[in-house]
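For reference, protein_7.cif is printed below; it contains mmCIF, C-alpha atoms.
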```cif
data_upload
#
loop_
_atom_site.group_PDB
_atom_site.id
_atom_site.type_symbol
_atom_site.label_atom_id
_atom_site.label_comp_id
_atom_site.auth_asym_id
_atom_site.auth_seq_id
_atom_site.Cartn_x
_atom_site.Cartn_y
_atom_site.Cartn_z
ATOM 1 C CA MET P 1 -11.719 -15.247 11.548
ATOM 2 C CA PRO P 2 -9.245 -12.337 11.627
ATOM 3 C CA LYS P 3 -8.410 -11.341 8.066
ATOM 4 C CA TYR P 4 -6.095 -8.741 6.670
ATOM 5 C CA ASN P 5 -5.848 -7.688 3.054
ATOM 6 C CA THR P 6 -3.708 -4.858 1.699
ATOM 7 C CA VAL P 7 -2.321 -3.552 -1.570
ATOM 8 C CA ARG P 8 0.940 -1.639 -1.530
ATOM 9 C CA HIS P 9 2.898 -0.009 -4.344
ATOM 10 C CA VAL P 10 6.687 -0.157 -4.443
ATOM 11 C CA PRO P 11 9.205 1.054 -7.030
ATOM 12 C CA HIS P 12 10.909 -2.346 -7.275
ATOM 13 C CA ALA P 13 10.359 -5.018 -9.932
ATOM 14 C CA PRO P 14 7.907 -7.861 -9.242
ATOM 15 C CA GLU P 15 10.721 -10.393 -9.582
ATOM 16 C CA GLN P 16 12.759 -8.558 -6.933
ATOM 17 C CA MET P 17 9.842 -8.451 -4.516
ATOM 18 C CA PHE P 18 9.034 -12.108 -5.157
ATOM 19 C CA ALA P 19 12.665 -13.065 -4.443
ATOM 20 C CA LEU P 20 12.672 -11.009 -1.250
ATOM 21 C CA VAL P 21 9.525 -12.662 0.150
ATOM 22 C CA ALA P 22 10.624 -16.109 -1.084
ATOM 23 C CA ASP P 23 13.892 -15.842 0.904
ATOM 24 C CA VAL P 24 12.215 -17.120 4.066
ATOM 25 C CA GLU P 25 15.484 -17.942 5.851
ATOM 26 C CA ARG P 26 16.172 -14.204 6.227
ATOM 27 C CA TYR P 27 12.850 -13.345 7.892
ATOM 28 C CA PRO P 28 14.319 -13.209 11.430
ATOM 29 C CA GLU P 29 16.611 -10.381 10.252
ATOM 30 C CA PHE P 30 13.781 -7.931 9.620
ATOM 31 C CA LEU P 31 10.288 -9.334 10.168
ATOM 32 C CA PRO P 32 8.478 -8.138 13.314
ATOM 33 C CA MET P 33 8.272 -10.784 16.046
ATOM 34 C CA CYS P 34 9.892 -13.485 13.863
ATOM 35 C CA GLU P 35 12.517 -14.964 16.148
ATOM 36 C CA ALA P 36 13.521 -17.986 14.092
ATOM 37 C CA LEU P 37 12.747 -19.720 10.823
ATOM 38 C CA ARG P 38 13.908 -23.182 9.824
ATOM 39 C CA VAL P 39 13.263 -24.812 6.470
ATOM 40 C CA ARG P 40 12.504 -28.500 7.062
ATOM 41 C CA SER P 41 12.304 -29.482 3.411
ATOM 42 C CA ARG P 42 12.503 -28.023 -0.080
ATOM 43 C CA ARG P 43 11.422 -29.676 -3.306
ATOM 44 C CA GLU P 44 11.172 -28.350 -6.832
ATOM 45 C CA ALA P 45 9.128 -29.497 -9.817
ATOM 46 C CA ASP P 46 7.950 -27.776 -12.985
ATOM 47 C CA GLY P 47 9.281 -24.367 -11.948
ATOM 48 C CA VAL P 48 7.483 -24.458 -8.583
ATOM 49 C CA THR P 49 9.287 -24.757 -5.247
ATOM 50 C CA VAL P 50 7.514 -26.111 -2.179
ATOM 51 C CA LEU P 51 9.034 -25.481 1.245
ATOM 52 C CA THR P 52 8.012 -26.782 4.620
ATOM 53 C CA ALA P 53 9.158 -24.322 7.264
ATOM 54 C CA ASP P 54 8.903 -23.749 11.012
ATOM 55 C CA MET P 55 8.505 -20.140 12.098
ATOM 56 C CA THR P 56 8.870 -19.080 15.731
ATOM 57 C CA VAL P 57 7.180 -15.847 16.688
ATOM 58 C CA GLY P 58 7.293 -14.191 20.044
ATOM 59 C CA TYR P 59 6.162 -11.235 22.021
ATOM 60 C CA LYS P 60 7.401 -10.646 25.563
ATOM 61 C CA ALA P 61 7.205 -14.034 27.350
ATOM 62 C CA ILE P 62 4.964 -15.715 24.750
ATOM 63 C CA ARG P 63 6.563 -17.893 22.043
ATOM 64 C CA GLU P 64 4.800 -20.024 19.449
ATOM 65 C CA THR P 65 6.152 -22.110 16.592
ATOM 66 C CA PHE P 66 4.055 -23.101 13.640
ATOM 67 C CA THR P 67 4.737 -25.068 10.492
ATOM 68 C CA SER P 68 3.660 -23.968 7.036
ATOM 69 C CA GLN P 69 3.925 -25.148 3.486
ATOM 70 C CA VAL P 70 5.179 -22.340 1.276
ATOM 71 C CA THR P 71 4.605 -22.664 -2.468
ATOM 72 C CA LEU P 72 6.762 -20.407 -4.614
ATOM 73 C CA ARG P 73 5.422 -19.774 -8.120
ATOM 74 C CA PRO P 74 7.958 -17.477 -9.819
ATOM 75 C CA ALA P 75 6.324 -17.664 -13.264
ATOM 76 C CA GLU P 76 3.180 -16.167 -11.693
ATOM 77 C CA ASN P 77 5.002 -13.951 -9.159
ATOM 78 C CA ARG P 78 2.846 -15.560 -6.470
ATOM 79 C CA ILE P 79 3.520 -17.146 -3.088
ATOM 80 C CA ASP P 80 0.931 -19.262 -1.291
ATOM 81 C CA VAL P 81 1.281 -20.256 2.353
ATOM 82 C CA LYS P 82 -0.709 -23.118 3.831
ATOM 83 C CA TYR P 83 -0.722 -23.844 7.553
ATOM 84 C CA LEU P 84 0.281 -27.362 8.627
ATOM 85 C CA GLU P 85 0.638 -27.461 12.423
ATOM 86 C CA GLY P 86 0.902 -25.304 15.522
ATOM 87 C CA PRO P 87 -1.367 -22.984 17.529
ATOM 88 C CA PHE P 88 -3.812 -22.131 14.740
ATOM 89 C CA ARG P 89 -7.044 -23.771 13.676
ATOM 90 C CA TYR P 90 -6.083 -22.527 10.210
ATOM 91 C CA LEU P 91 -3.876 -19.941 8.555
ATOM 92 C CA GLU P 92 -3.911 -18.990 4.896
ATOM 93 C CA ASN P 93 -1.596 -16.404 3.380
ATOM 94 C CA ARG P 94 -1.037 -15.219 -0.182
ATOM 95 C CA TRP P 95 1.291 -12.763 -1.867
ATOM 96 C CA ASP P 96 0.844 -11.555 -5.462
ATOM 97 C CA PHE P 97 3.364 -9.265 -7.152
ATOM 98 C CA VAL P 98 1.887 -7.432 -10.135
ATOM 99 C CA GLU P 99 3.864 -5.133 -12.433
ATOM 100 C CA THR P 100 2.287 -1.704 -12.719
ATOM 101 C CA ALA P 101 1.910 0.313 -15.924
ATOM 102 C CA LYS P 102 4.229 3.023 -14.566
ATOM 103 C CA GLY P 103 6.838 0.512 -13.413
ATOM 104 C CA GLY P 104 7.278 -0.958 -10.000
ATOM 105 C CA THR P 105 5.037 -3.473 -8.306
ATOM 106 C CA GLU P 106 1.635 -3.682 -6.755
ATOM 107 C CA ILE P 107 1.976 -6.054 -3.800
ATOM 108 C CA ARG P 108 -1.237 -7.812 -2.831
ATOM 109 C CA PHE P 109 -0.986 -9.351 0.632
ATOM 110 C CA PHE P 110 -3.752 -11.441 2.199
ATOM 111 C CA ILE P 111 -3.871 -13.403 5.440
ATOM 112 C CA ASP P 112 -6.715 -15.208 7.187
ATOM 113 C CA TYR P 113 -6.260 -17.130 10.448
ATOM 114 C CA GLU P 114 -7.848 -18.368 13.649
ATOM 115 C CA PHE P 115 -6.225 -19.693 16.821
ATOM 116 C CA LYS P 116 -7.203 -23.150 18.117
ATOM 117 C CA SER P 117 -7.444 -21.902 21.687
ATOM 118 C CA ARG P 118 -9.696 -19.014 22.664
ATOM 119 C CA ILE P 119 -7.325 -18.220 25.536
ATOM 120 C CA LEU P 120 -4.309 -18.068 23.224
ATOM 121 C CA GLY P 121 -6.390 -16.097 20.751
ATOM 122 C CA ALA P 122 -7.210 -13.592 23.472
ATOM 123 C CA LEU P 123 -3.578 -13.386 24.624
ATOM 124 C CA MET P 124 -1.916 -13.294 21.229
ATOM 125 C CA GLY P 125 -4.685 -12.279 18.847
ATOM 126 C CA ALA P 126 -4.173 -8.522 19.033
ATOM 127 C CA MET P 127 -0.395 -8.957 18.847
ATOM 128 C CA PHE P 128 -0.631 -11.240 15.795
ATOM 129 C CA ASP P 129 -3.101 -8.913 14.134
ATOM 130 C CA ARG P 130 -0.702 -6.014 14.626
ATOM 131 C CA ALA P 131 2.257 -8.085 13.403
ATOM 132 C CA PHE P 132 0.497 -9.268 10.253
ATOM 133 C CA ARG P 133 -0.455 -5.674 9.488
ATOM 134 C CA MET P 134 3.216 -4.738 9.778
ATOM 135 C CA PHE P 135 4.502 -7.569 7.550
ATOM 136 C CA ALA P 136 3.874 -5.892 4.200
ATOM 137 C CA GLU P 137 5.490 -2.700 5.471
ATOM 138 C CA ALA P 138 8.501 -4.636 6.808
ATOM 139 C CA PHE P 139 9.072 -6.252 3.411
ATOM 140 C CA GLU P 140 8.736 -2.877 1.705
ATOM 141 C CA LYS P 141 11.347 -1.326 4.009
ATOM 142 C CA ARG P 142 13.655 -4.304 3.476
ATOM 143 C CA ALA P 143 13.324 -3.918 -0.312
ATOM 144 C CA ASP P 144 14.220 -0.228 -0.059
ATOM 145 C CA GLN P 145 17.350 -1.214 1.877
ATOM 146 C CA ILE P 146 18.588 -3.864 -0.541
ATOM 147 C CA PHE P 147 17.419 -2.752 -3.989
ATOM 148 C CA THR P 148 18.605 0.373 -5.727
ATOM 149 C CA VAL P 149 15.734 2.617 -6.722
ATOM 150 C CA SER P 150 16.363 4.031 -10.181
ATOM 151 C CA ALA P 151 15.736 7.730 -10.634
ATOM 152 C CA SER P 152 12.737 8.616 -12.772
#
```
Final structure tokens representation of the file:
Amino acid sequence: MPKYNTVRHVPHAPEQMFALVADVERYPEFLPMCEALRVRSRREADGVTVLTADMTVGYKAIRETFTSQVTLRPAENRIDVKYLEGPFRYLENRWDFVETAKGGTEIRFFIDYEFKSRILGALMGAMFDRAFRMFAEAFEKRADQIFTVSAS
């Protein structure tokens, strides 16, 4: 039910932004409320990598871990996330990294989710909504820290 969709422009190349978002093991270093991330499995075929990962998120005394399948499509500069198990009824997330005519990247971020439990939804819903809204910004800030912006 809650959905969030945003488009952000950054001065970095689509391939750089794709690589940054695809590096899921580093999420706890900079992503709001991400306390841990463990990749359970990784398989590659035909230029596509599919990860199964557990992500633990927390806020104050509340902690939840959920498992997702992350499909990395570097040829398309796209990342699809499909929910597998945890506190959600469903969760769908997509990142697209599109080169702009003036250089840089247009990042298209979409997430749609619903908690299984109405009580958990009431407790964590506003916090998750806020966190998901901060994700795109967190990745943008991380990119600014690790990539050199060339002068125009």
Inset, instruction - Apply the PyMOL selection byres ((chain P and resi 48) around 9) to the structure shown and report the selected residues as number ranges by chain. - result: P: 43-47, 49-50, 71-75
Inset, instruction - Taking the file as shown, find all residues satisfying the PyMOL selection byres ((chain P and resi 96-98) around 8) and write them as an NGL selection string. - result: :P and (14-15 or 17-18 or 77-79 or 94-95 or 99-100 or 105-109)
Legend entry - Explicit residue set for the PyMOL selection byres ((chain P and resi 92) around 7), as a PyMOL selection string: chain P and resi 81-83+90-91+93-94+111-113
Legend entry - For CA of Leu31 in chain P and CA of Lys102 in chain P, the interatomic separation in Å (one decimal): 28.3 Å
Selection as a compact mmCIF listing (two decimals) with C-alpha atoms, keeping the file's coordinate frame: residues within 8 Å of (8.4, -23.8, 4.6), counting only C-alpha atoms:
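After the write, part-v7.txt holds the following:
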```txt
# COMPACT_ATOMS: atom_id res chain seq x y z
CA VAL P 24 12.22 -17.12 4.07
CA ARG P 38 13.91 -23.18 9.82
CA VAL P 39 13.26 -24.81 6.47
CA ARG P 40 12.50 -28.50 7.06
CA SER P 41 12.30 -29.48 3.41
CA ARG P 42 12.50 -28.02 -0.08
CA VAL P 50 7.51 -26.11 -2.18
CA LEU P 51 9.03 -25.48 1.25
CA THR P 52 8.01 -26.78 4.62
CA ALA P 53 9.16 -24.32 7.26
CA ASP P 54 8.90 -23.75 11.01
CA THR P 67 4.74 -25.07 10.49
CA SER P 68 3.66 -23.97 7.04
CA GLN P 69 3.92 -25.15 3.49
CA VAL P 70 5.18 -22.34 1.28
```
Inset, instruction - May I have the protein, DNA and RNA residues with any atom at most 12 Å from the point (3.5, 5.4, -0.7), counting all atoms listed in the file, written as a list in words? - result: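 Answer for this query, in the requested form: Val7, Arg8, His9, Val10, Pro11, Gly104, Thr105, Glu106, Ile107, Glu137, Glu140 and Lys141 of chain P.
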